[in-house]
Amino acid sequence: MSTADTATTTSPPPVLGDFPNDVPDTTDASVALTGLTELPLPAPVSYMPQTWGWGVVALLVLLCLAWGVWRAWQRYRREHYRRMALVELDALLPMSRDPAHRTAAVAMLAVLLKRTARAAYPGAGVAAMQGPSWIDFLNRHRGRFDSRDGQYLAMASYAPRGVDDTPQDDIDALLQRARQWIREHHVEV
């Protein structure tokens with residue numbers, strides 16, 4: 001083997017730009033691009049279900065949503081008396097803080113409780129109830145009233161200055177129990 005043979009076999013590879021034909025010709029490239037055409041895009045994917053089963057599922061979901069909205073609307077209308085009672089109870093709070101108007105506030109609370117019970121239980125004979133039977137009725141329907149609350153409600157309704165001297169904590173507790181009953185009493189549907 002001669003030295004010339006080894007020199008040709010170990011020479012480095014040629015680099016771009018070593019040969020005159022390596023420089024790209026821009027005129028030839030633009031001519032080559034003019035012959036290209038745009039690839040056709042596939043048809044857009046349809047959002048319609050591919051099988052009838054998905055249509056049935058969609059219909060059932062829509063029916064369930066409509067039924068849920070209808071039930072929520074019915075409940076909203078049915079609970080109107082409860083929302084109005086809570087608004088009236090909030091209006092009684094400032095009156096109950098003033099000793100001069102405390103009896104009037106508790107008397108109005110007694111009327112409010114009776115009116116709320118009549119709206120919730122129209123056939124239960126609520127209008128004729130009074131005293132312990134009235135408190136028992138409230139307690140049977142998730143109330144937490146005690147015998148003193150019944151006395152306060154009766155004294156405010158029938159005595160001219162019935163609960164003006166009652167401690168404010170007792171009146172606040174009565175109002176809190178009334179609020180709780182108005183919010184939580186259960187009405188059979």
# chains A, B, ... in the order shown; residues from 1 in each chain; ligands from 1

$ closest_atom_pairs --of "stretch 65-95 of chain A" --to "stretch 105-111 of chain A" --cutoff "9 Å" --atoms "only C-alpha atoms" --output "tab-separated table"
residue	atom	partner	partner_atom	distance
A:Glu88	CA	A:Leu109	CA	8.8
A:Leu89	CA	A:Leu109	CA	7.2
A:Leu92	CA	A:Ala105	CA	5.8
A:Leu93	CA	A:Ala105	CA	7.8
A:Pro94	CA	A:Ala105	CA	8.8
A:Met95	CA	A:Ala105	CA	5.7

$ write_last_selection --atoms "N, CA, C and O atoms" --output "tab-separated table (two decimals), in the first residue's frame"
chain	number	residue	atom	x	y	z
A	88	GLU	N	-90.25	39.58	57.70
A	88	GLU	CA	-91.03	40.23	58.77
A	88	GLU	C	-90.35	40.04	60.13
A	88	GLU	O	-90.37	40.96	60.96
A	89	LEU	N	-89.77	38.89	60.35
A	89	LEU	CA	-89.07	38.65	61.62
A	89	LEU	C	-87.87	39.58	61.75
A	89	LEU	O	-87.61	40.11	62.84
A	92	LEU	N	-88.92	42.84	63.04
A	92	LEU	CA	-89.29	42.86	64.47
A	92	LEU	C	-88.09	43.00	65.40
A	92	LEU	O	-88.25	43.38	66.56
A	93	LEU	N	-86.92	42.68	64.94
A	93	LEU	CA	-85.73	42.72	65.81
A	93	LEU	C	-85.48	44.08	66.44
A	93	LEU	O	-85.27	44.15	67.66
A	94	PRO	N	-85.48	45.18	65.69
A	94	PRO	CA	-85.25	46.47	66.34
A	94	PRO	C	-86.33	46.82	67.37
A	94	PRO	O	-86.03	47.41	68.41
A	95	MET	N	-87.58	46.45	67.08
A	95	MET	CA	-88.66	46.72	68.04
A	95	MET	C	-88.46	45.94	69.33
A	95	MET	O	-88.76	46.43	70.42

$ select_by_dssp --residues "stretch 49-175 of chain A" --states "helix (DSSP H, G or I)" --output "PyMOL selection string"
chain A and resi 52-78+80-97+102-120+126-128+131-140+147-158+168-175

$ residues_around --residues "A:Ser96" --least-positions-apart "5" --cutoff "12 Å" --atoms "only C-alpha atoms" --output "mmCIF file with C-alpha atoms, in the first residue's frame"
data_model
loop_
_atom_site.group_PDB
_atom_site.id
_atom_site.type_symbol
_atom_site.label_atom_id
_atom_site.label_comp_id
_atom_site.auth_asym_id
_atom_site.auth_seq_id
_atom_site.Cartn_x
_atom_site.Cartn_y
_atom_site.Cartn_z
ATOM 1 C CA LEU A 89 -89.072 38.651 61.617
ATOM 2 C CA ASP A 90 -86.044 40.768 60.709
ATOM 3 C CA ALA A 91 -88.249 43.860 60.925
ATOM 4 C CA HIS A 101 -92.120 48.279 72.227
ATOM 5 C CA ARG A 102 -91.079 44.820 73.332
ATOM 6 C CA THR A 103 -94.636 43.638 74.068
ATOM 7 C CA ALA A 104 -95.838 44.805 70.643
ATOM 8 C CA ALA A 105 -92.909 43.025 68.971
ATOM 9 C CA VAL A 106 -93.620 39.739 70.767
ATOM 10 C CA ALA A 107 -97.351 40.065 69.993
ATOM 11 C CA MET A 108 -96.478 40.559 66.327
ATOM 12 C CA LEU A 109 -94.194 37.517 66.572
ATOM 13 C CA ALA A 156 -97.735 39.712 74.810
ATOM 14 C CA VAL A 163 -93.234 41.318 78.406
ATOM 15 C CA ASP A 164 -91.796 44.834 78.680
ATOM 16 C CA ASP A 165 -89.883 43.852 81.820
ATOM 17 C CA THR A 166 -88.696 40.496 80.471
ATOM 18 C CA PRO A 167 -84.891 40.190 80.184
ATOM 19 C CA GLN A 168 -83.594 40.907 76.703
ATOM 20 C CA ASP A 169 -81.764 37.563 76.594
ATOM 21 C CA ASP A 170 -85.084 35.694 76.936
ATOM 22 C CA ILE A 171 -86.657 37.722 74.119
ATOM 23 C CA ASP A 172 -83.586 37.207 71.925
ATOM 24 C CA ALA A 173 -83.740 33.457 72.579
ATOM 25 C CA LEU A 174 -87.464 33.428 71.695
ATOM 26 C CA LEU A 175 -86.771 35.283 68.435
ATOM 27 C CA GLN A 176 -83.915 32.918 67.624
#

$ residues_around --residues "A:Ala120" --least-positions-apart "6" --cutoff "12 Å" --atoms "only C-alpha atoms" --output "PyMOL selection string"
chain A and resi 78-82+85+113-114+126+138+141+181-189

$ write_last_selection --atoms "N, CA and C atoms" --output "compact mmCIF listing (two decimals), in the first residue's frame"
# COMPACT_ATOMS: atom_id res chain seq x y z
N ARG A 78 -93.31 27.50 46.42
CA ARG A 78 -93.89 26.91 47.63
C ARG A 78 -93.28 27.52 48.89
N GLU A 79 -92.02 27.93 48.84
CA GLU A 79 -91.33 28.48 50.01
C GLU A 79 -91.47 30.00 50.14
N HIS A 80 -92.33 30.60 49.35
CA HIS A 80 -92.51 32.05 49.38
C HIS A 80 -92.95 32.52 50.77
N TYR A 81 -93.88 31.84 51.39
CA TYR A 81 -94.37 32.25 52.71
C TYR A 81 -93.23 32.25 53.73
N ARG A 82 -92.30 31.32 53.60
CA ARG A 82 -91.18 31.21 54.54
C ARG A 82 -90.24 32.41 54.38
N ALA A 85 -91.91 35.48 55.86
CA ALA A 85 -91.92 35.44 57.32
C ALA A 85 -90.56 35.83 57.88
N LEU A 113 -95.95 33.81 63.73
CA LEU A 113 -95.82 32.35 63.85
C LEU A 113 -97.14 31.67 63.46
N LYS A 114 -98.24 32.21 63.91
CA LYS A 114 -99.55 31.62 63.60
C LYS A 114 -99.82 31.69 62.09
N VAL A 126 -104.71 25.04 62.86
CA VAL A 126 -103.75 25.88 63.57
C VAL A 126 -104.41 27.12 64.16
N LEU A 138 -95.93 23.44 67.51
CA LEU A 138 -94.68 23.98 66.96
C LEU A 138 -93.53 23.00 67.20
N HIS A 141 -93.28 20.00 64.93
CA HIS A 141 -92.83 20.33 63.58
C HIS A 141 -91.47 21.04 63.64
N TRP A 181 -87.42 27.88 63.74
CA TRP A 181 -88.63 27.12 63.35
C TRP A 181 -89.09 27.52 61.96
N ILE A 182 -89.08 28.83 61.66
CA ILE A 182 -89.53 29.27 60.33
C ILE A 182 -88.63 28.68 59.25
N ARG A 183 -87.35 28.64 59.49
CA ARG A 183 -86.41 28.08 58.49
C ARG A 183 -86.53 26.57 58.34
N GLU A 184 -86.72 25.86 59.46
CA GLU A 184 -86.54 24.41 59.45
C GLU A 184 -87.82 23.57 59.48
N HIS A 185 -88.98 24.18 59.74
CA HIS A 185 -90.16 23.32 59.85
C HIS A 185 -90.39 22.59 58.52
N HIS A 186 -90.83 21.37 58.65
CA HIS A 186 -90.97 20.51 57.48
C HIS A 186 -92.44 20.43 57.06
N VAL A 187 -92.67 20.61 55.79
CA VAL A 187 -94.02 20.54 55.25
C VAL A 187 -94.08 19.30 54.35
N GLU A 188 -95.04 18.43 54.63
CA GLU A 188 -95.24 17.25 53.78
C GLU A 188 -95.75 17.68 52.42
N VAL A 189 -95.17 17.13 51.38
CA VAL A 189 -95.57 17.49 50.01
C VAL A 189 -96.41 16.39 49.43
